[in-house]
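Structure file upload-v7.csv with CSV, C-alpha atoms:
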chain,number,residue,atom,x,y,z
A,1,MET,CA,7.7,-0.1,-17.8
A,2,THR,CA,7.2,-3.9,-18.1
A,3,ASN,CA,8.9,-6.3,-15.8
A,4,THR,CA,10.0,-9.3,-17.8
A,5,ALA,CA,10.1,-11.4,-14.6
A,6,THR,CA,6.3,-11.2,-14.2
A,7,PRO,CA,4.8,-14.7,-14.1
A,8,PRO,CA,2.6,-15.8,-17.0
A,9,ARG,CA,-1.0,-14.9,-16.6
A,10,THR,CA,-3.2,-17.9,-16.9
A,11,SER,CA,-5.9,-17.7,-14.2
A,12,PRO,CA,-9.3,-16.1,-15.1
A,13,LYS,CA,-8.5,-13.0,-13.0
A,14,ASP,CA,-5.1,-12.7,-14.8
A,15,LEU,CA,-6.7,-13.0,-18.2
A,16,LEU,CA,-9.3,-10.4,-17.3
A,17,VAL,CA,-6.7,-8.0,-16.1
A,18,GLN,CA,-4.6,-8.5,-19.2
A,19,ALA,CA,-7.6,-7.9,-21.4
A,20,ALA,CA,-8.7,-4.8,-19.4
A,21,MET,CA,-5.4,-3.0,-19.8
A,22,MET,CA,-6.2,-1.5,-23.2
A,23,HIS,CA,-9.6,-0.2,-21.9
A,24,VAL,CA,-8.5,1.2,-18.5
A,25,PRO,CA,-6.8,4.4,-19.9
A,26,PHE,CA,-10.1,5.4,-21.6
A,27,ASP,CA,-12.8,4.0,-19.3
A,28,GLY,CA,-11.0,3.6,-16.0
A,29,TRP,CA,-11.6,0.7,-13.7
A,30,SER,CA,-15.3,0.8,-14.6
A,31,GLN,CA,-18.1,-1.5,-15.5
A,32,ALA,CA,-17.5,-0.7,-19.1
A,33,THR,CA,-13.9,-1.9,-18.7
A,34,PHE,CA,-15.0,-5.1,-16.9
A,35,ASP,CA,-17.5,-5.9,-19.7
A,36,ALA,CA,-14.9,-5.3,-22.4
A,37,ALA,CA,-12.4,-7.5,-20.5
A,38,ILE,CA,-14.9,-10.3,-20.4
A,39,ASP,CA,-15.5,-10.0,-24.2
A,40,ASP,CA,-11.8,-9.7,-25.1
A,41,SER,CA,-10.5,-12.4,-22.7
A,42,GLY,CA,-12.9,-15.1,-23.6
A,43,VAL,CA,-13.6,-15.8,-19.9
A,44,GLU,CA,-17.2,-16.8,-19.3
A,45,ARG,CA,-19.3,-14.1,-17.7
A,46,ALA,CA,-20.4,-16.4,-14.9
A,47,VAL,CA,-16.8,-17.2,-14.2
A,48,ALA,CA,-15.7,-13.6,-14.4
A,49,GLU,CA,-18.5,-12.5,-12.0
A,50,SER,CA,-17.6,-15.3,-9.5
A,51,VAL,CA,-13.9,-14.4,-9.3
A,52,CYS,CA,-14.6,-10.6,-9.4
A,53,PRO,CA,-18.0,-10.1,-7.7
A,54,ARG,CA,-17.4,-6.4,-7.5
A,55,GLY,CA,-16.4,-6.2,-11.1
A,56,ALA,CA,-13.7,-3.7,-12.0
A,57,VAL,CA,-12.9,-2.9,-8.4
A,58,ASP,CA,-11.7,-6.5,-7.9
A,59,LEU,CA,-9.8,-6.3,-11.2
A,60,ALA,CA,-8.0,-3.2,-10.0
A,61,LEU,CA,-7.1,-4.9,-6.7
A,62,HIS,CA,-5.8,-8.0,-8.6
A,63,TYR,CA,-3.7,-5.7,-10.9
A,64,HIS,CA,-2.1,-4.3,-7.7
A,65,ALA,CA,-1.5,-7.8,-6.4
A,66,LEU,CA,0.2,-8.8,-9.6
A,67,GLY,CA,2.5,-5.8,-9.2
A,68,ASP,CA,3.4,-7.0,-5.7
A,69,ALA,CA,4.1,-10.5,-7.0
A,70,ALA,CA,6.4,-9.1,-9.7
A,71,MET,CA,8.3,-7.0,-7.1
A,72,LEU,CA,8.8,-10.1,-4.9
A,73,VAL,CA,10.3,-12.0,-7.9
A,74,ARG,CA,12.8,-9.2,-8.5
A,75,LEU,CA,13.7,-8.9,-4.8
A,76,ALA,CA,14.3,-12.7,-4.7
A,77,GLU,CA,16.7,-12.4,-7.7
A,78,ALA,CA,18.5,-9.2,-6.6
A,79,ASP,CA,21.8,-9.2,-4.7
A,80,LEU,CA,20.9,-7.1,-1.7
A,81,GLU,CA,23.6,-8.4,0.7
A,82,GLU,CA,26.1,-5.5,0.1
A,83,MET,CA,23.3,-2.8,0.5
A,84,LYS,CA,22.6,-0.8,3.6
A,85,PHE,CA,19.2,-1.7,4.9
A,86,ARG,CA,17.7,1.7,3.9
A,87,ASP,CA,18.9,1.0,0.3
A,88,ARG,CA,17.2,-2.4,0.4
A,89,VAL,CA,13.9,-0.7,1.3
A,90,ALA,CA,14.4,1.9,-1.5
A,91,ALA,CA,15.2,-0.9,-4.0
A,92,ALA,CA,12.0,-2.7,-3.0
A,93,VAL,CA,9.9,0.4,-3.6
A,94,ARG,CA,11.6,1.0,-6.9
A,95,PHE,CA,11.1,-2.6,-8.0
A,96,ARG,CA,7.4,-2.2,-7.1
A,97,LEU,CA,7.0,0.9,-9.3
A,98,GLU,CA,9.0,-0.7,-12.1
A,99,ALA,CA,6.6,-3.6,-12.1
A,100,VAL,CA,3.9,-1.3,-13.3
A,101,GLU,CA,3.0,-2.0,-16.9
A,102,ASP,CA,0.8,1.1,-17.4
A,103,LYS,CA,1.1,4.3,-15.4
A,104,GLU,CA,-2.3,5.3,-16.5
A,105,ALA,CA,-3.8,2.2,-14.9
A,106,VAL,CA,-2.3,3.3,-11.6
A,107,ARG,CA,-3.6,6.8,-12.0
A,108,ARG,CA,-7.0,5.5,-12.7
A,109,GLY,CA,-6.7,3.1,-9.7
A,110,THR,CA,-5.7,6.0,-7.5
A,111,THR,CA,-8.8,7.9,-8.5
A,112,LEU,CA,-11.0,4.8,-7.9
A,113,PHE,CA,-9.6,4.2,-4.4
A,114,ALA,CA,-9.9,7.8,-3.5
A,115,LEU,CA,-13.7,7.3,-3.4
A,116,PRO,CA,-15.0,6.9,0.1
A,117,MET,CA,-16.6,3.6,-0.6
A,118,TYR,CA,-13.4,2.0,-1.9
A,119,ALA,CA,-10.8,3.9,0.3
A,120,PRO,CA,-10.5,1.0,2.7
A,121,ASP,CA,-9.7,-1.4,-0.2
A,122,GLY,CA,-7.0,1.0,-1.4
A,123,ALA,CA,-5.5,1.4,2.1
A,124,LYS,CA,-5.5,-2.4,2.6
A,125,ALA,CA,-3.7,-2.9,-0.8
A,126,ILE,CA,-1.0,-0.4,0.1
A,127,TRP,CA,-0.6,-2.0,3.5
A,128,GLY,CA,-0.3,-5.3,1.8
A,129,THR,CA,2.6,-3.9,-0.4
A,130,ALA,CA,4.4,-2.6,2.7
A,131,ASP,CA,3.9,-5.9,4.5
A,132,ALA,CA,5.2,-7.9,1.5
A,133,ILE,CA,8.3,-5.7,1.4
A,134,TRP,CA,9.1,-6.1,5.1
A,135,ASN,CA,8.5,-9.8,5.0
A,136,ALA,CA,10.8,-10.2,1.9
A,137,LEU,CA,13.5,-8.2,3.7
A,138,GLY,CA,13.4,-10.5,6.7
A,139,ASP,CA,11.5,-8.5,9.2
A,140,THR,CA,10.9,-10.6,12.3
A,141,SER,CA,9.3,-8.0,14.6
A,142,ASP,CA,6.2,-9.2,16.6
A,143,ASP,CA,5.4,-6.2,18.7
A,144,VAL,CA,4.2,-2.7,18.0
A,145,ASN,CA,7.2,-2.2,15.7
A,146,TRP,CA,5.4,-4.7,13.3
A,147,TYR,CA,2.7,-2.1,12.9
A,148,THR,CA,4.8,1.1,12.9
A,149,LYS,CA,7.2,-0.3,10.2
A,150,ARG,CA,4.3,-1.1,7.9
A,151,ALA,CA,2.4,2.1,8.6
A,152,THR,CA,5.6,4.2,7.9
A,153,LEU,CA,6.4,2.3,4.7
A,154,SER,CA,2.8,2.7,3.5
A,155,GLY,CA,3.2,6.4,3.8
A,156,VAL,CA,6.5,6.4,2.0
A,157,TYR,CA,5.2,4.2,-0.8
A,158,SER,CA,1.9,6.2,-1.2
A,159,SER,CA,3.7,9.6,-1.4
A,160,THR,CA,6.3,8.1,-3.9
A,161,VAL,CA,3.6,6.8,-6.1
A,162,LEU,CA,1.9,10.2,-6.3
A,163,TYR,CA,5.2,11.9,-7.1
A,164,TRP,CA,6.0,9.2,-9.7
A,165,LEU,CA,2.6,9.7,-11.4
A,166,GLY,CA,3.6,13.3,-12.2
A,167,ASP,CA,7.2,12.7,-12.9
A,168,SER,CA,8.4,13.2,-16.5
A,169,SER,CA,12.2,13.2,-15.7
A,170,ASP,CA,14.5,10.9,-17.6
A,171,GLY,CA,14.2,7.4,-16.2
A,172,HIS,CA,12.1,8.8,-13.4
A,173,ALA,CA,15.3,10.1,-11.8
A,174,ASP,CA,13.4,12.7,-9.8
A,175,THR,CA,11.2,10.0,-8.3
A,176,TRP,CA,14.1,8.0,-7.1
A,177,ALA,CA,15.7,11.1,-5.6
A,178,PHE,CA,12.3,11.9,-3.8
A,179,LEU,CA,12.2,8.3,-2.5
A,180,ASP,CA,15.7,8.6,-1.1
A,181,ARG,CA,14.8,11.8,0.7
A,182,ARG,CA,11.6,10.2,2.2
A,183,ILE,CA,13.5,7.2,3.5
A,184,GLU,CA,16.2,9.4,4.9
A,185,ASN,CA,13.6,11.4,6.8
A,186,VAL,CA,12.2,8.2,8.2
A,187,MET,CA,15.7,7.0,9.2
A,188,GLN,CA,16.3,10.3,11.0
A,189,ILE,CA,13.0,9.8,13.0
A,190,GLU,CA,14.0,6.3,13.9
A,191,LYS,CA,17.4,7.5,15.0
A,192,ILE,CA,15.8,10.0,17.3
A,193,LYS,CA,13.4,7.4,18.7
A,194,ALA,CA,16.3,5.1,19.4
A,195,GLN,CA,18.2,7.9,21.2
A,196,VAL,CA,15.1,8.7,23.3
A,197,ASN,CA,14.5,5.0,24.2
A,198,ASN,CA,18.2,4.6,25.2
A,199,SER,CA,18.2,7.7,27.4
A,200,PRO,CA,16.8,7.0,30.9
A,201,VAL,CA,15.9,10.7,31.4
A,202,LEU,CA,14.3,11.2,28.0
A,203,SER,CA,12.4,7.9,28.0
A,204,LYS,CA,10.9,8.8,31.4
A,205,LEU,CA,9.9,12.3,30.2
A,206,MET,CA,8.2,10.7,27.1
A,207,THR,CA,6.4,8.0,29.0
A,208,GLY,CA,5.4,10.2,31.9
A,209,PRO,CA,2.5,12.0,30.2
A,210,ALA,CA,1.3,8.8,28.7
A,211,TRP,CA,1.3,7.1,32.1
A,212,VAL,CA,-0.6,10.0,33.6
A,213,MET,CA,-3.2,10.1,30.8
A,214,SER,CA,-3.7,6.3,31.1
A,215,HIS,CA,-4.6,6.7,34.8
A,216,ILE,CA,-7.2,9.4,34.3
A,217,LYS,CA,-10.6,7.9,34.5
A,218,ALA,CA,-12.8,8.9,31.6
A,219,PRO,CA,-16.3,10.1,32.6
A,220,GLN,CA,-18.9,7.5,32.2
A,221,ARG,CA,-21.8,8.1,29.9
A,222,MET,CA,-25.2,7.0,31.2
A,223,PRO,CA,-28.5,6.6,29.3
A,224,GLN,CA,-30.9,9.4,30.1
A,225,SER,CA,-34.0,7.9,31.8
A,226,GLY,CA,-37.0,7.6,29.6
A,227,LEU,CA,-35.2,8.7,26.4
A,228,PRO,CA,-33.7,5.6,24.7
A,229,GLY,CA,-30.8,6.3,22.5
A,230,ARG,CA,-29.9,9.6,24.1
A,231,TRP,CA,-26.9,9.9,26.4
A,232,THR,CA,-25.8,12.4,29.0
A,233,ARG,CA,-23.0,12.7,31.6
A,234,PRO,CA,-23.9,11.7,35.1

Structure re-expressed in structure tokens:
Amino acid sequence: MTNTATPPRTSPKDLLVQAAMMHVPFDGWSQATFDAAIDDSGVERAVAESVCPRGAVDLALHYHALGDAAMLVRLAEADLEEMKFRDRVAAAVRFRLEAVEDKEAVRRGTTLFALPMYAPDGAKAIWGTADAIWNALGDTSDDVNWYTKRATLSGVYSSTVLYWLGDSSDGHADTWAFLDRRIENVMQIEKIKAQVNNSPVLSKLMTGPAWVMSHIKAPQRMPQSGLPGRWTRP
């Protein structure tokens, strides 16, 4: 699926990603793909290595960022005013997936960022997508809700991507139905949280254990005399 609203690719990174796309399905986001992208794009190796010091890993992250940018273009053009808020969130996630030019590139990226050494990069990329969606939808929270909203949407987005990768239904109808169910689950949880917070009795019951635990002094750990680096309870 190609998003026609995607901005033209003119930067060295953009050109490298564009050239890499024909190699990723065969070689993944690998050094071989990075080398081939340099040859095919015409970007000087010194330039390529300066903008992508980690090679194909940085290319994969830039590919993800391009998808986010394309999603934001569609969100800016879409008429969301008549939609319920949950439908706006669903539309944003759908726009993000529809911005993908090559499903195999995402599959290969999922494999890459499942590796322990690159897992933090993958998590940061997904968090960035969730953050971009909430910002585009006008989120103004500046407390703990800022984190919980993005963490929750990151989970919804991640699970939907995995479902989408294996979906062969017409027009990915099964994926959109799965997305709707996930968002409905989240909305139900938020509704319960709101009911708890608005109930004086339930809110005290929920905060009571937390208050007690916060006032229990944790045992101090002291260095054992004469044995640097070893610790024991007093």

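The smallest atom-to-atom distance between Ser30 in chain A and any of A:Thr140, A:Ser11, A:Thr111, A:Ser50, using only C-alpha atoms, is found for A:Thr111.
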
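The coordinates place CA of Asp58 in chain A at 13.2 Å from CA of Leu15 in chain A.
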
For Trp134 in chain A: contacts at 12 Å, all atoms listed in the file, fewer than 3 positions along chain excluded, given as a short mmCIF file (atom, residue, chain, number, x, y, z; two decimals) with C-alpha atoms, in the coordinates of the input:
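Ended up saving to out-v9.cif:
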data_model
loop_
_atom_site.label_atom_id
_atom_site.label_comp_id
_atom_site.auth_asym_id
_atom_site.auth_seq_id
_atom_site.Cartn_x
_atom_site.Cartn_y
_atom_site.Cartn_z
CA LEU A 72 8.80 -10.10 -4.90
CA LEU A 75 13.70 -8.90 -4.80
CA PHE A 85 19.20 -1.70 4.90
CA ARG A 86 17.70 1.70 3.90
CA ARG A 88 17.20 -2.40 0.40
CA VAL A 89 13.90 -0.70 1.30
CA ALA A 90 14.40 1.90 -1.50
CA ALA A 92 12.00 -2.70 -3.00
CA VAL A 93 9.90 0.40 -3.60
CA TRP A 127 -0.60 -2.00 3.50
CA GLY A 128 -0.30 -5.30 1.80
CA THR A 129 2.60 -3.90 -0.40
CA ALA A 130 4.40 -2.60 2.70
CA ASP A 131 3.90 -5.90 4.50
CA LEU A 137 13.50 -8.20 3.70
CA GLY A 138 13.40 -10.50 6.70
CA ASP A 139 11.50 -8.50 9.20
CA THR A 140 10.90 -10.60 12.30
CA SER A 141 9.30 -8.00 14.60
CA ASN A 145 7.20 -2.20 15.70
CA TRP A 146 5.40 -4.70 13.30
CA TYR A 147 2.70 -2.10 12.90
CA THR A 148 4.80 1.10 12.90
CA LYS A 149 7.20 -0.30 10.20
CA ARG A 150 4.30 -1.10 7.90
CA ALA A 151 2.40 2.10 8.60
CA THR A 152 5.60 4.20 7.90
CA LEU A 153 6.40 2.30 4.70
CA SER A 154 2.80 2.70 3.50
#

Please provide the set of residues having any atom within 12 Å of Trp176 in chain A, restricted to all atoms listed in the file, with same-chain residues fewer than 5 positions apart removed, written as a PyMOL selection string. chain A and resi 87+90-95+97-98+156-157+159-161+163-164+167+169-171+181-183

Those same residues, written as a tab-separated table (two decimals), keeping the file's coordinate frame with C-alpha atoms?
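Below you can see part.tsv, which holds the result:
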chain	number	residue	atom	x	y	z
A	87	ASP	CA	18.90	1.00	0.30
A	90	ALA	CA	14.40	1.90	-1.50
A	91	ALA	CA	15.20	-0.90	-4.00
A	92	ALA	CA	12.00	-2.70	-3.00
A	93	VAL	CA	9.90	0.40	-3.60
A	94	ARG	CA	11.60	1.00	-6.90
A	95	PHE	CA	11.10	-2.60	-8.00
A	97	LEU	CA	7.00	0.90	-9.30
A	98	GLU	CA	9.00	-0.70	-12.10
A	156	VAL	CA	6.50	6.40	2.00
A	157	TYR	CA	5.20	4.20	-0.80
A	159	SER	CA	3.70	9.60	-1.40
A	160	THR	CA	6.30	8.10	-3.90
A	161	VAL	CA	3.60	6.80	-6.10
A	163	TYR	CA	5.20	11.90	-7.10
A	164	TRP	CA	6.00	9.20	-9.70
A	167	ASP	CA	7.20	12.70	-12.90
A	169	SER	CA	12.20	13.20	-15.70
A	170	ASP	CA	14.50	10.90	-17.60
A	171	GLY	CA	14.20	7.40	-16.20
A	181	ARG	CA	14.80	11.80	0.70
A	182	ARG	CA	11.60	10.20	2.20
A	183	ILE	CA	13.50	7.20	3.50

Distance of CA of Ser41 in chain A from CA of Thr10 in chain A, expressed in Å to one decimal place: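 It comes out at 10.8 Å.
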
Nearest to Tyr63 in chain A, restricted to all atoms listed in the file and choosing among A:Asp14, A:Asp142, A:Asp174, A:Asp180, comes out as A:Asp14

How many Å separate CA of Cys52 in chain A from CA of Met21 in chain A?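 Computing it gives 15.8 Å between the two atoms.
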
For Glu49 in chain A, which residue out of A:Ala105, A:Ala177, A:Ala37, A:Ala69 is the nearest one, using all atoms listed in the file?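 Using all atoms listed in the file, Glu49 in chain A sits closest to A:Ala37.
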
Which residue gives the smallest distance to Gly109 in chain A among A:Met71, A:Ala48, A:Val24, A:Ala136, with only C-alpha atoms counted?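 Among the listed residues, the smallest separation from Gly109 in chain A belongs to A:Val24.
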
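Nearest-residue note for Ala99 in chain A: choosing from A:Ala19, A:Ala65, A:Leu59, A:Leu165, the minimum distance belongs to A:Ala65, counting all atoms listed in the file.
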
Which of these residues is nearest to Phe26 in chain A, using only C-alpha atoms: A:Val57, A:Gly155, A:Glu101, A:Arg108?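 Between A:Val57, A:Gly155, A:Glu101, A:Arg108, the residue approaching Phe26 in chain A most closely is A:Arg108.
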